[in-house]
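A.B. asks: Here it is: the structure, laid out below.
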There are 4 protein chains.
Amino acid sequence: MTTRGSKGRGTDPCAALLAVRAQTDRLCAGLTAEDCVVQPMDDASPTKWHLAHTSWFIETFVAPRLRRGYQPIDPRYPFLFNSYYEALGPRHERPRRGMLTRPTLDEVRDYRRRIDALLAEAGDDLDRDTGRALVLALHHEQQHQELILTDLKYLLAQNPLRPAYREARPPPAASEVAPLEWVEQQGGLRSIGAAQGYGLHDFTFDNECPPHQAFVAPHALASRLVTCGEYLAFMEDGGYATPSLWLSDGWALVQAQHWQTPLYWRREGGELHVHTLDGERSLRPDEPVCHLSYYEAEAYARWAGARLPTEEEWESAAGGHPIDGNLLEADALHPRAAVEGSGARPLQLFGDVWEWTQSAYLPYPGFRPFAGEYGEYNGKFMINQMVLRGGSCLTPRSHLRATYRNFFPPSARWQMTGVRLARDLP
Amino acid sequence: MTTRGSKGRGTDPCAALLAVRAQTDRLCAGLTAEDCVVQPMDDASPTKWHLAHTSWFIETFVAPRLRRGYQPIDPRYPFLFNSYYEALGPRHERPRRGMLTRPTLDEVRDYRRRIDALLAEAGDDLDRDTGRALVLALHHEQQHQELILTDLKYLLAQNPLRPAYREARPPPAASEVAPLEWVEQQGGLRSIGAAQGYGLHDFTFDNECPPHQAFVAPHALASRLVTCGEYLAFMEDGGYATPSLWLSDGWALVQAQHWQTPLYWRREGGELHVHTLDGERSLRPDEPVCHLSYYEAEAYARWAGARLPTEEEWESAAGGHPIDGNLLEADALHPRAAVEGSGARPLQLFGDVWEWTQSAYLPYPGFRPFAGEYGEYNGKFMINQMVLRGGSCLTPRSHLRATYRNFFPPSARWQMTGVRLARDLP
Amino acid sequence: MTTRGSKGRGTDPCAALLAVRAQTDRLCAGLTAEDCVVQPMDDASPTKWHLAHTSWFIETFVAPRLRRGYQPIDPRYPFLFNSYYEALGPRHERPRRGMLTRPTLDEVRDYRRRIDALLAEAGDDLDRDTGRALVLALHHEQQHQELILTDLKYLLAQNPLRPAYREARPPPAASEVAPLEWVEQQGGLRSIGAAQGYGLHDFTFDNECPPHQAFVAPHALASRLVTCGEYLAFMEDGGYATPSLWLSDGWALVQAQHWQTPLYWRREGGELHVHTLDGERSLRPDEPVCHLSYYEAEAYARWAGARLPTEEEWESAAGGHPIDGNLLEADALHPRAAVEGSGARPLQLFGDVWEWTQSAYLPYPGFRPFAGEYGEYNGKFMINQMVLRGGSCLTPRSHLRATYRNFFPPSARWQMTGVRLARDLP
Amino acid sequence: MTTRGSKGRGTDPCAALLAVRAQTDRLCAGLTAEDCVVQPMDDASPTKWHLAHTSWFIETFVAPRLRRGYQPIDPRYPFLFNSYYEALGPRHERPRRGMLTRPTLDEVRDYRRRIDALLAEAGDDLDRDTGRALVLALHHEQQHQELILTDLKYLLAQNPLRPAYREARPPPAASEVAPLEWVEQQGGLRSIGAAQGYGLHDFTFDNECPPHQAFVAPHALASRLVTCGEYLAFMEDGGYATPSLWLSDGWALVQAQHWQTPLYWRREGGELHVHTLDGERSLRPDEPVCHLSYYEAEAYARWAGARLPTEEEWESAAGGHPIDGNLLEADALHPRAAVEGSGARPLQLFGDVWEWTQSAYLPYPGFRPFAGEYGEYNGKFMINQMVLRGGSCLTPRSHLRATYRNFFPPSARWQMTGVRLARDLP
């Protein structure tokens, strides 16, 4: 029997998963029990729930493969921490996750430790099926790292005291933002999507598969993300008061919710403040605009005489480039101004903010959901959502790919969502 | 000055519009004032409102082009009968259309007659812009013919007395339904969509434009629509109680709304009844299933080991075929069993029921909304809806094209919506 | 066999009921079918429903007593027109009364005529039980006369065209309103309520019974109702913006509903308009203020340094006085300014507006609901409502008594509700 | 300068308030931070909020009287912890109290300690106004002791793990419950209510004042509370399925909420369980039934051929008796079976459960709210609520009086609410 935990990703999926889980724990290390238990809205789960759910995921999909006759640590946890798997039986309702003051945070941390111990004690000779389960659990855990942070950010924003998630870092020095240029892309047939992979180094989600042909018309992509300063110009031009800029459903929301700015912006006196994980501070015009709904992204693009890219356009541009940028590892936890690059390549493709595309989240031609019990992971959500690409400043680098498809309803604002413009070419 | 009304479509857009309007009046001829004033849900407008709104449309977009200095017949009508044109000023709220007991049905009929008179008195020498406005008004009027019937059907279904829209016709003799076969379609690049046309014989809506390339993978389309009998097998196999068959949003609706059958089906004793415009009668298994939400159509397809077609697949199959089938002119007002055809061509492509596709209603590459005041007609609704193709038994024949895109939210059931299956080919 | 219809109330309950029903028909004579079918809110039923329901009431409670083996005119009507009698079986939901476009207004009028014929043909020798049923039906019909008018008034107010119920009468000449004086009332034990009566001339509702002792403290009642002019002073003093004047639930409603005036007042330019059954016209400061919720009445009283009377105080003052005033028979259909009286007696005790009391609608000591099938008439509503006294300009004179208790929830505004002040005396 | 804390109530209001606050702290001593922060419904506030709000109350109403120029400990707390005092400025919305993860429980406990220190350091020579403020704060703190426990009980019941508030005590041995007898009360004029008192030993709330005459008819009161066993007989007789037993609003709630038992009862297999502060355990038929809405209490009484008492009847019976029974000091935290008494006097008048009366919560004749800033304490809630009398097993003994009026909306079930029957006598 071996133990793990200190190893890097390497080739051992148990070790890799343990390393990812240690990162989850680090993200939550400084939180109080109070911060971890409250659910601020139906879509934003308590940190404690995330910590328990990711452990339940391993207990459900990995543990029985590691240990024959495995018995759950607590027989009541599957009911509490199953998120949405209908095939796994009844479960606690999502909007009531915040009612669970027990198990306590300490008990959930103990649950995590026991799951970690199980992983640490696993043998080396894992069969392919167990390996797949571990790799999926790893990517699942990474998805929840981003959600922990976005859900906490939303929670803290509900508090009139405007608390911070951590002690504030000094913000980066104001920089000259790179000018917005148009990077032209030729039209033609493109190969989009990926082959299904289950390994530590070739994993893909089912929704990225299979690879297929798509025709892309000639177009241009903006060389960087839209900034807060540019978005302010839209606002000052009456963007939120001009129905002709909006999709009908978006305009209805603008009026019903009295939207006047992106989420987390607050006007005080003459100044605009923005709520960040480092607390509230002055808005910086050079930073990418974030926390836009699809409706706002799309309205901005129309105002700017442009449009949103399709997911095929985005993927064609991003394919082949290395996955780097302002990602979780940079520890900024907030988008950063684009710094002048080579010019040949669009900046900020990865990291900073997820980029809304004008593509609906639908199955690719030939799509098959993961087999068996994982089948509910992605496929059943392929309606009423739009695709986002590129990851954000809260996404772990090893979680991303050029083919990666994220998805949210067009009204969602609490995720790290921003906008890159595109244009038709004749 | 000439008068019109008795001429066919020909080349005179005023005459053509008058002929279409006369058909609208015929559809409503036997209705009581009561049936015409009530709004049974937010999405279903009163008949009286449809009758007035289509006249307002002409008054707004056509009349000022026909007559310089035109003054509205009643200055209060634009507020009441503007549907959703933000650029045309404030308007009565959609969910409150049923509050308008005045103007009365008689007054609205008089309003229609005065608009008809305006059209009848128009000169022959219409400029291109006026011609366009007339043709758009004609297609707009045809769209409302279908809506009048679907909205009335919904209204009458709210009444426990289960009244009929008209005196019941004898239902067609039971027939041997054509067997379901798979019509294979090759993969490759296809030209999808249409060029913008504004004429009486080449009109297209902006949402069908521009023509563009799309890659279609090899696939097969079902040779006819899914029948009530086939759908019953899905129901009897526990279709409405099996979450793995459903999209997540659909499953939530099934539970919240307690869906157990398509809309308008009712179990009484051991028998299934169906509400039709001819009143309630026994369900006929040979008829195409109708009044399905997208969720039900999609779940059925999954259960059947198939999928819904994309709009490009549908259009590729339908292009080049004549527009015929069980359309409004057949006066059946209900879908009819597929009768054995030649085999080479899918049956029921046009008419009977609108066919849900798995394509989201989004702008085509290079899409531009109609210029100017018509710009809100289609473009602002391109979100949260799915494309339907082919028309229904309530659609006028001259309103349809192979490139025609209809669209409704995936939860909508009160329209004439059904399903044709598709399958991937290797 | 005799026929009736032209006789007065006299001693024949069939004739009396027929006379009341003829008055109902007169109230609805000029209405269109459209005006009679729409339900503008859950609490306000369509005129057609009122016309049918009052006939169903007779068919249910009277007809089987008049004719052995009586069969309903239409077996489907009891389901449609039962209001709230659980003991009489299932029924159409109240908020969906407006969905009933069938039976048509003509059919309902025919239903009424057939019930009238039944009454007209009844013999003279009615037993006591049948007599009771007829008298109850008569008072029930009178209650619906007032509701028909208040519900129609509400419906017409939803229409931006601001239509009138009838051709406008010239408003009365502006008059000098009688000064508000305080009429002192001694304290002591009082006999409150009435003995149960079932006859044409001694009828009482169960909720007025039995007579009982109540202690009333020394107090003073205002000599007339509060006027629009006085209420305007409250508004201009910031009444709707001063939380300390309001009950907590009332203040929550003021904010949620954005109340700034009584219901049906509308500001246009600098002027206040009021919606009446004669159409919209300028507000008259001398008229009693009407369409106040309990919350507004109570807040006004607090602002004025007074309070609302208790129902026992009101009844003590009104007992022994004749039932006269601005009642339905005056055909004003709107409250009228108080004209100087003798001074000894409070003016406007009967008619004009129902007066909110500070008494909750609860059972009197020893209360017993009507026996048997009438038991649900009043008793089950004795919660969450406040008592109103005195009738309104829409109440038939013969319907009222000093002991009569009306009741509405404190949020109700669409009834003819106003306010008389009271004060403690040392 | 003196310090306090160990003294009894005596004559020193600071010492008395400190003793009450120490009891509050004891009630919360064993709770986790998680249990203290979550708000399970709009009406049930988090423990942490109660702990802070009671301190804010002292800081607002007492501290400035104790110390000239007093500055709040944290200038942001008044916004967070003002409950409903409009006159004291804007405040955090009640339904969002559970969003406040900061200040943490530790910070709130520190806040409490600092307020305690302020009280401990106060001089002896308090003026009358300060004395009043202290006594009011004491009674306010006691009210929140009961609310802390009922709100926690509700919170814990939301958790499918069914946790307990404390380690379970062994339940009392099953006992022979005293038989229900009828204690007759003569009719006549009674003096009801109390004179306003502000002292440590004669305090009254404004809503109990002033004393006044009321006429009470001859009646009988049940000698003890209704038991679970008796309520079960109502249930087994179809109580929850018989509309004729219910007020109309109650019947609507029964259906909408699917009520089948009192709150906190749960059927498992053949057995009934009840959630208590000691955890879930088997239902005991000898214990008083608790957690009934007014509607259930009233329906039960009707079924039993009885009625609820009026508050005047209750007060007449309870006046002159000592305040003893199963109160907070007994530490049972649950109602207990009535033990045979002398027979002459109704048992369980104080403690066990609050007894619903059939009296609406309305101002007494001559009622004046507390002067000045306390004016919002009680008066503005005098609508839409019913009076309850007698205290419960969670009420501190020194908080109660025979004239004490508690009040809740008729739908409320999460308080310790039960029922004593009454009957008319001829």
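A note on labels: chains of the structure tokens are A, B, ... as shown, every chain counts residues from 1, and ligands are counted from 1 in their shown order.
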Which residues are close to region 76-83 of chain D, i.e. within 10 Å by only C-alpha atoms, leaving aside same-chain residues fewer than 5 positions away? Reply as a short mmCIF file (atom, residue, chain, number, x, y, z; two decimals) with all heavy atoms, in the first residue's frame.
C.D. replies:
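Done, and the output landed in selection24.cif:
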```cif
data_model
loop_
_atom_site.label_atom_id
_atom_site.label_comp_id
_atom_site.auth_asym_id
_atom_site.auth_seq_id
_atom_site.Cartn_x
_atom_site.Cartn_y
_atom_site.Cartn_z
N ASN A 159 -24.34 41.12 1.80
CA ASN A 159 -24.14 41.72 3.12
C ASN A 159 -23.84 43.21 2.98
O ASN A 159 -22.90 43.60 2.30
CB ASN A 159 -22.96 41.00 3.79
CG ASN A 159 -22.87 41.33 5.26
OD1 ASN A 159 -23.14 42.46 5.66
ND2 ASN A 159 -22.48 40.36 6.06
N PRO A 160 -24.66 44.05 3.60
CA PRO A 160 -24.41 45.50 3.48
C PRO A 160 -23.05 45.92 4.03
O PRO A 160 -22.60 47.02 3.73
CB PRO A 160 -25.55 46.14 4.28
CG PRO A 160 -26.39 45.04 4.81
CD PRO A 160 -25.85 43.72 4.39
N LEU A 161 -22.42 45.08 4.82
CA LEU A 161 -21.08 45.42 5.33
C LEU A 161 -20.01 45.24 4.26
O LEU A 161 -18.87 45.67 4.44
CB LEU A 161 -20.72 44.55 6.54
CG LEU A 161 -21.68 44.59 7.72
CD1 LEU A 161 -21.12 43.79 8.88
CD2 LEU A 161 -21.94 46.03 8.16
N TRP D 49 -28.95 36.83 15.00
CA TRP D 49 -29.67 38.08 14.85
C TRP D 49 -30.40 38.44 16.14
O TRP D 49 -30.38 39.60 16.57
CB TRP D 49 -30.65 37.99 13.67
CG TRP D 49 -31.28 39.31 13.37
CD1 TRP D 49 -30.81 40.27 12.52
CD2 TRP D 49 -32.46 39.84 13.98
NE1 TRP D 49 -31.62 41.36 12.55
CE2 TRP D 49 -32.64 41.14 13.44
CE3 TRP D 49 -33.35 39.38 14.92
CZ2 TRP D 49 -33.71 41.95 13.82
CZ3 TRP D 49 -34.41 40.19 15.31
CH2 TRP D 49 -34.58 41.45 14.75
N HIS D 50 -31.05 37.47 16.77
CA HIS D 50 -31.72 37.75 18.05
C HIS D 50 -30.71 38.27 19.07
O HIS D 50 -30.98 39.23 19.80
CB HIS D 50 -32.36 36.47 18.60
CG HIS D 50 -33.61 36.04 17.90
ND1 HIS D 50 -34.77 36.79 17.91
CD2 HIS D 50 -33.90 34.93 17.17
CE1 HIS D 50 -35.73 36.14 17.22
NE2 HIS D 50 -35.22 35.02 16.76
N LEU D 51 -29.54 37.63 19.14
CA LEU D 51 -28.53 38.03 20.12
C LEU D 51 -28.06 39.46 19.87
O LEU D 51 -27.83 40.22 20.82
CB LEU D 51 -27.33 37.07 20.07
CG LEU D 51 -27.61 35.64 20.54
CD1 LEU D 51 -26.39 34.75 20.31
CD2 LEU D 51 -28.00 35.64 22.03
N ALA D 52 -27.95 39.81 18.61
CA ALA D 52 -27.49 41.16 18.28
C ALA D 52 -28.62 42.17 18.43
O ALA D 52 -28.43 43.27 18.97
CB ALA D 52 -26.94 41.18 16.86
N HIS D 53 -29.80 41.80 17.99
CA HIS D 53 -30.93 42.73 18.04
C HIS D 53 -31.26 43.15 19.47
O HIS D 53 -31.52 44.33 19.74
CB HIS D 53 -32.15 42.09 17.38
CG HIS D 53 -33.44 42.77 17.69
ND1 HIS D 53 -33.77 44.01 17.20
CD2 HIS D 53 -34.49 42.38 18.47
CE1 HIS D 53 -34.97 44.37 17.66
NE2 HIS D 53 -35.43 43.39 18.43
N THR D 54 -31.25 42.21 20.40
CA THR D 54 -31.57 42.57 21.79
C THR D 54 -30.49 43.50 22.36
O THR D 54 -30.79 44.35 23.20
CB THR D 54 -31.69 41.30 22.66
OG1 THR D 54 -30.59 40.42 22.38
CG2 THR D 54 -32.99 40.55 22.35
N SER D 55 -29.28 43.35 21.87
CA SER D 55 -28.22 44.26 22.31
C SER D 55 -28.40 45.63 21.68
O SER D 55 -28.22 46.67 22.32
CB SER D 55 -26.86 43.67 21.95
OG SER D 55 -26.73 42.39 22.55
N TRP D 56 -28.75 45.62 20.40
CA TRP D 56 -29.05 46.88 19.72
C TRP D 56 -30.19 47.61 20.43
O TRP D 56 -30.18 48.84 20.56
CB TRP D 56 -29.43 46.61 18.26
CG TRP D 56 -30.11 47.79 17.62
CD1 TRP D 56 -29.51 48.87 17.05
CD2 TRP D 56 -31.53 48.03 17.55
NE1 TRP D 56 -30.46 49.75 16.61
CE2 TRP D 56 -31.70 49.26 16.90
CE3 TRP D 56 -32.66 47.31 17.96
CZ2 TRP D 56 -32.97 49.81 16.65
CZ3 TRP D 56 -33.91 47.84 17.72
CH2 TRP D 56 -34.06 49.07 17.07
N PHE D 57 -31.17 46.87 20.90
CA PHE D 57 -32.31 47.49 21.57
C PHE D 57 -31.83 48.29 22.78
O PHE D 57 -32.25 49.43 23.01
CB PHE D 57 -33.30 46.38 21.99
CG PHE D 57 -34.64 46.90 22.44
CD1 PHE D 57 -35.68 47.05 21.54
CD2 PHE D 57 -34.87 47.24 23.78
CE1 PHE D 57 -36.92 47.52 21.94
CE2 PHE D 57 -36.12 47.71 24.18
CZ PHE D 57 -37.14 47.85 23.26
N GLU D 59 -28.73 49.30 23.25
CA GLU D 59 -27.85 50.37 22.78
C GLU D 59 -28.66 51.57 22.31
O GLU D 59 -28.24 52.72 22.45
CB GLU D 59 -26.99 49.82 21.63
CG GLU D 59 -25.78 50.67 21.37
CD GLU D 59 -24.83 50.01 20.38
OE1 GLU D 59 -25.28 49.21 19.54
OE2 GLU D 59 -23.63 50.33 20.44
N THR D 60 -29.83 51.29 21.74
CA THR D 60 -30.64 52.37 21.17
C THR D 60 -31.48 53.07 22.23
O THR D 60 -31.55 54.30 22.26
CB THR D 60 -31.58 51.78 20.09
OG1 THR D 60 -30.77 51.15 19.11
CG2 THR D 60 -32.44 52.85 19.47
N LEU D 88 -36.65 54.94 13.39
CA LEU D 88 -35.20 54.89 13.63
C LEU D 88 -34.40 54.73 12.34
O LEU D 88 -33.21 54.47 12.38
CB LEU D 88 -34.88 53.76 14.61
CG LEU D 88 -35.52 53.90 16.00
CD1 LEU D 88 -35.23 52.68 16.85
CD2 LEU D 88 -35.01 55.16 16.69
N GLY D 89 -35.06 54.92 11.21
CA GLY D 89 -34.31 54.95 9.96
C GLY D 89 -34.35 53.64 9.20
O GLY D 89 -34.98 52.68 9.62
N PRO D 90 -33.66 53.62 8.05
CA PRO D 90 -33.69 52.43 7.19
C PRO D 90 -33.03 51.24 7.88
O PRO D 90 -32.28 51.41 8.82
CB PRO D 90 -32.90 52.87 5.95
CG PRO D 90 -32.04 53.98 6.42
CD PRO D 90 -32.79 54.67 7.53
N ARG D 91 -33.33 50.05 7.39
CA ARG D 91 -32.81 48.85 8.03
C ARG D 91 -32.76 47.70 7.05
O ARG D 91 -33.42 47.72 6.01
CB ARG D 91 -33.69 48.49 9.22
CG ARG D 91 -35.11 48.17 8.82
CD ARG D 91 -36.04 48.18 10.02
NE ARG D 91 -37.38 47.81 9.57
CZ ARG D 91 -38.20 48.62 8.89
NH1 ARG D 91 -37.84 49.86 8.62
NH2 ARG D 91 -39.36 48.18 8.48
N HIS D 92 -31.97 46.73 7.41
CA HIS D 92 -31.84 45.49 6.64
C HIS D 92 -33.20 44.80 6.57
O HIS D 92 -33.92 44.71 7.57
CB HIS D 92 -30.82 44.60 7.35
CG HIS D 92 -30.34 43.46 6.53
ND1 HIS D 92 -29.73 43.61 5.31
CD2 HIS D 92 -30.35 42.13 6.76
CE1 HIS D 92 -29.40 42.43 4.83
NE2 HIS D 92 -29.76 41.51 5.69
N GLU D 93 -33.53 44.28 5.39
CA GLU D 93 -34.85 43.64 5.24
C GLU D 93 -34.97 42.36 6.08
O GLU D 93 -34.07 41.53 6.06
CB GLU D 93 -35.06 43.21 3.80
CG GLU D 93 -35.15 44.33 2.80
CD GLU D 93 -34.95 43.76 1.40
OE1 GLU D 93 -35.91 43.22 0.84
OE2 GLU D 93 -33.81 43.84 0.88
N ARG D 94 -36.10 42.22 6.69
CA ARG D 94 -36.33 41.05 7.53
C ARG D 94 -36.05 39.71 6.84
O ARG D 94 -35.37 38.85 7.41
CB ARG D 94 -37.78 41.08 8.03
CG ARG D 94 -38.12 39.90 8.88
CD ARG D 94 -39.58 39.88 9.29
NE ARG D 94 -39.73 38.82 10.25
CZ ARG D 94 -40.17 38.96 11.50
NH1 ARG D 94 -40.53 40.13 11.92
NH2 ARG D 94 -40.23 37.94 12.31
N ARG D 97 -32.25 38.45 6.83
CA ARG D 97 -31.40 38.40 8.03
C ARG D 97 -30.42 37.23 7.96
O ARG D 97 -29.35 37.29 8.54
CB ARG D 97 -32.27 38.28 9.28
CG ARG D 97 -33.03 39.55 9.57
CD ARG D 97 -34.00 39.41 10.75
NE ARG D 97 -34.74 40.66 10.90
CZ ARG D 97 -35.83 40.79 11.65
NH1 ARG D 97 -36.31 39.74 12.32
NH2 ARG D 97 -36.43 41.96 11.74
N LEU D 100 -26.56 37.49 6.60
CA LEU D 100 -25.50 38.19 7.35
C LEU D 100 -24.53 37.18 7.97
O LEU D 100 -24.61 36.88 9.16
CB LEU D 100 -26.13 39.06 8.42
CG LEU D 100 -27.09 40.14 7.91
CD1 LEU D 100 -27.74 40.88 9.07
CD2 LEU D 100 -26.36 41.11 7.00
N PRO D 103 -21.48 40.38 10.92
CA PRO D 103 -20.50 39.94 11.91
C PRO D 103 -20.73 38.48 12.29
O PRO D 103 -21.86 38.00 12.25
CB PRO D 103 -20.77 40.86 13.11
CG PRO D 103 -22.16 41.35 12.93
CD PRO D 103 -22.36 41.44 11.46
N TYR D 111 -20.12 41.80 21.05
CA TYR D 111 -21.04 42.94 21.10
C TYR D 111 -21.91 42.84 22.36
O TYR D 111 -22.09 43.81 23.11
CB TYR D 111 -21.89 42.92 19.83
CG TYR D 111 -22.93 44.00 19.65
CD1 TYR D 111 -22.71 45.32 20.04
CD2 TYR D 111 -24.13 43.70 19.02
CE1 TYR D 111 -23.69 46.29 19.83
CE2 TYR D 111 -25.11 44.67 18.80
CZ TYR D 111 -24.89 45.96 19.22
OH TYR D 111 -25.86 46.92 19.01
#
```
A.B. asks: So that I can check the surroundings of region 266-272 of chain C, please list as a PyMOL selection string every protein, DNA and RNA residue that reaches within 12 Å of it, counting only C-alpha atoms and ignoring chain neighbours fewer than 5 positions away.
C.D. replies: chain C and resi 157+160+162+228-229+232+259-261+280-285
A.B. asks: Can those selected residues be exported to a file as a compact mmCIF listing (two decimals), in the first residue's frame so that it contains C-alpha atoms?
C.D. replies:
```
# COMPACT_ATOMS: atom_id res chain seq x y z
CA ALA C 157 -61.31 50.97 -14.60
CA PRO C 160 -57.30 52.78 -20.56
CA ARG C 162 -62.00 54.78 -19.18
CA CYS C 228 -62.57 63.91 -0.41
CA GLY C 229 -61.43 67.39 0.50
CA LEU C 232 -56.82 65.44 0.30
CA TRP C 259 -50.63 53.62 -3.15
CA GLN C 260 -50.74 57.40 -3.30
CA THR C 261 -54.48 58.02 -3.41
CA GLU C 280 -64.22 59.61 -15.28
CA ARG C 281 -64.69 63.16 -14.02
CA SER C 282 -63.07 65.77 -11.81
CA LEU C 283 -62.82 64.98 -8.15
CA ARG C 284 -65.30 66.84 -5.97
CA PRO C 285 -63.99 67.75 -2.54
```
A.B. asks: Near chain C, meaning an atom within 7 Å, which residues of chain B appear when counting only C-alpha atoms? Write them as a PDB file with N, CA and C atoms, in the first residue's frame.
C.D. replies:
```pdb
ATOM      1  N   ALA B  33     -69.494  37.444 -29.201  1.00  0.00           N
ATOM      2  CA  ALA B  33     -68.664  38.486 -28.590  1.00  0.00           C
ATOM      3  C   ALA B  33     -67.908  37.926 -27.394  1.00  0.00           C
ATOM      4  N   GLU B  34     -68.542  37.056 -26.617  1.00  0.00           N
ATOM      5  CA  GLU B  34     -67.883  36.481 -25.449  1.00  0.00           C
ATOM      6  C   GLU B  34     -66.613  35.739 -25.841  1.00  0.00           C
ATOM      7  N   ASP B  35     -66.716  34.904 -26.877  1.00  0.00           N
ATOM      8  CA  ASP B  35     -65.552  34.120 -27.286  1.00  0.00           C
ATOM      9  C   ASP B  35     -64.406  35.009 -27.752  1.00  0.00           C
ATOM     10  N   VAL B  37     -63.449  38.058 -26.597  1.00  0.00           N
ATOM     11  CA  VAL B  37     -62.908  39.093 -25.701  1.00  0.00           C
ATOM     12  C   VAL B  37     -62.014  38.551 -24.602  1.00  0.00           C
ATOM     13  N   VAL B  38     -62.158  37.292 -24.262  1.00  0.00           N
ATOM     14  CA  VAL B  38     -61.447  36.751 -23.096  1.00  0.00           C
ATOM     15  C   VAL B  38     -60.031  36.316 -23.458  1.00  0.00           C
ATOM     16  N   PRO B  40     -57.199  33.842 -22.237  1.00  0.00           N
ATOM     17  CA  PRO B  40     -57.094  32.721 -21.303  1.00  0.00           C
ATOM     18  C   PRO B  40     -55.723  32.558 -20.669  1.00  0.00           C
ATOM     19  N   MET B  99     -58.644  42.576 -20.662  1.00  0.00           N
ATOM     20  CA  MET B  99     -59.400  43.575 -19.894  1.00  0.00           C
ATOM     21  C   MET B  99     -60.192  44.505 -20.791  1.00  0.00           C
ATOM     22  N   LEU B 100     -59.917  44.481 -22.080  1.00  0.00           N
ATOM     23  CA  LEU B 100     -60.478  45.482 -22.992  1.00  0.00           C
ATOM     24  C   LEU B 100     -61.865  45.056 -23.473  1.00  0.00           C
ATOM     25  N   THR B 101     -62.870  45.296 -22.662  1.00  0.00           N
ATOM     26  CA  THR B 101     -64.225  44.987 -23.133  1.00  0.00           C
ATOM     27  C   THR B 101     -64.693  46.032 -24.146  1.00  0.00           C
ATOM     28  N   THR B 104     -65.887  47.362 -28.462  1.00  0.00           N
ATOM     29  CA  THR B 104     -66.604  46.089 -28.577  1.00  0.00           C
ATOM     30  C   THR B 104     -66.212  45.363 -29.864  1.00  0.00           C
ATOM     31  N   GLN B 158     -60.465  25.803 -21.621  1.00  0.00           N
ATOM     32  CA  GLN B 158     -60.545  26.191 -20.212  1.00  0.00           C
ATOM     33  C   GLN B 158     -61.957  26.003 -19.661  1.00  0.00           C
ATOM     34  N   ASN B 159     -62.896  25.797 -20.551  1.00  0.00           N
ATOM     35  CA  ASN B 159     -64.292  25.730 -20.148  1.00  0.00           C
ATOM     36  C   ASN B 159     -64.680  24.279 -19.874  1.00  0.00           C
TER      37      ASN B 159
END
```
A.B. asks: Taking the backbone alone, and naming residues the way the document does, which bits of region 350-381 of chain D are strand (DSSP E or B) by DSSP, as a ChimeraX atom specification?
C.D. replies: /D:351,354-360
A.B. asks: Going by DSSP on the backbone, which residues of region 172-391 of chain D come out as alpha helix (DSSP H)? List them as a PyMOL selection string.
C.D. replies: chain D and resi 228-236+248-257+294-303+311-318
A.B. asks: What lies within 8 Å of region 134-142 of chain B using only C-alpha atoms, ignoring chain neighbours under 6 positions off, as a list of chain:residue names?
C.D. replies: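 What passes the distance filter is B:Pro13, B:Cys14, B:Ala16, B:Leu17, B:Val20, B:Arg21, B:Thr24, B:Thr54, B:Phe57, B:Ile58, B:Val62, B:Tyr198, B:Gly199, B:Leu200, B:Phe203, B:Thr395, B:Pro396, B:His399.
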A.B. asks: Between CA of Phe408 (chain D) and CA of Gln385 (chain D), what is the distance in Å, rounded to a tenth?
C.D. replies: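 Atom-to-atom, CA of Phe408 (chain D) to CA of Gln385 (chain D), that is 5.0 Å.
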A.B. asks: For Met235 (chain B), which residue among B:Leu333, B:Ala304, B:Thr204, B:Ala214 is the nearest when counting only C-alpha atoms?
C.D. replies: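 Closest to Met235 (chain B) of all the choices is B:Ala304.
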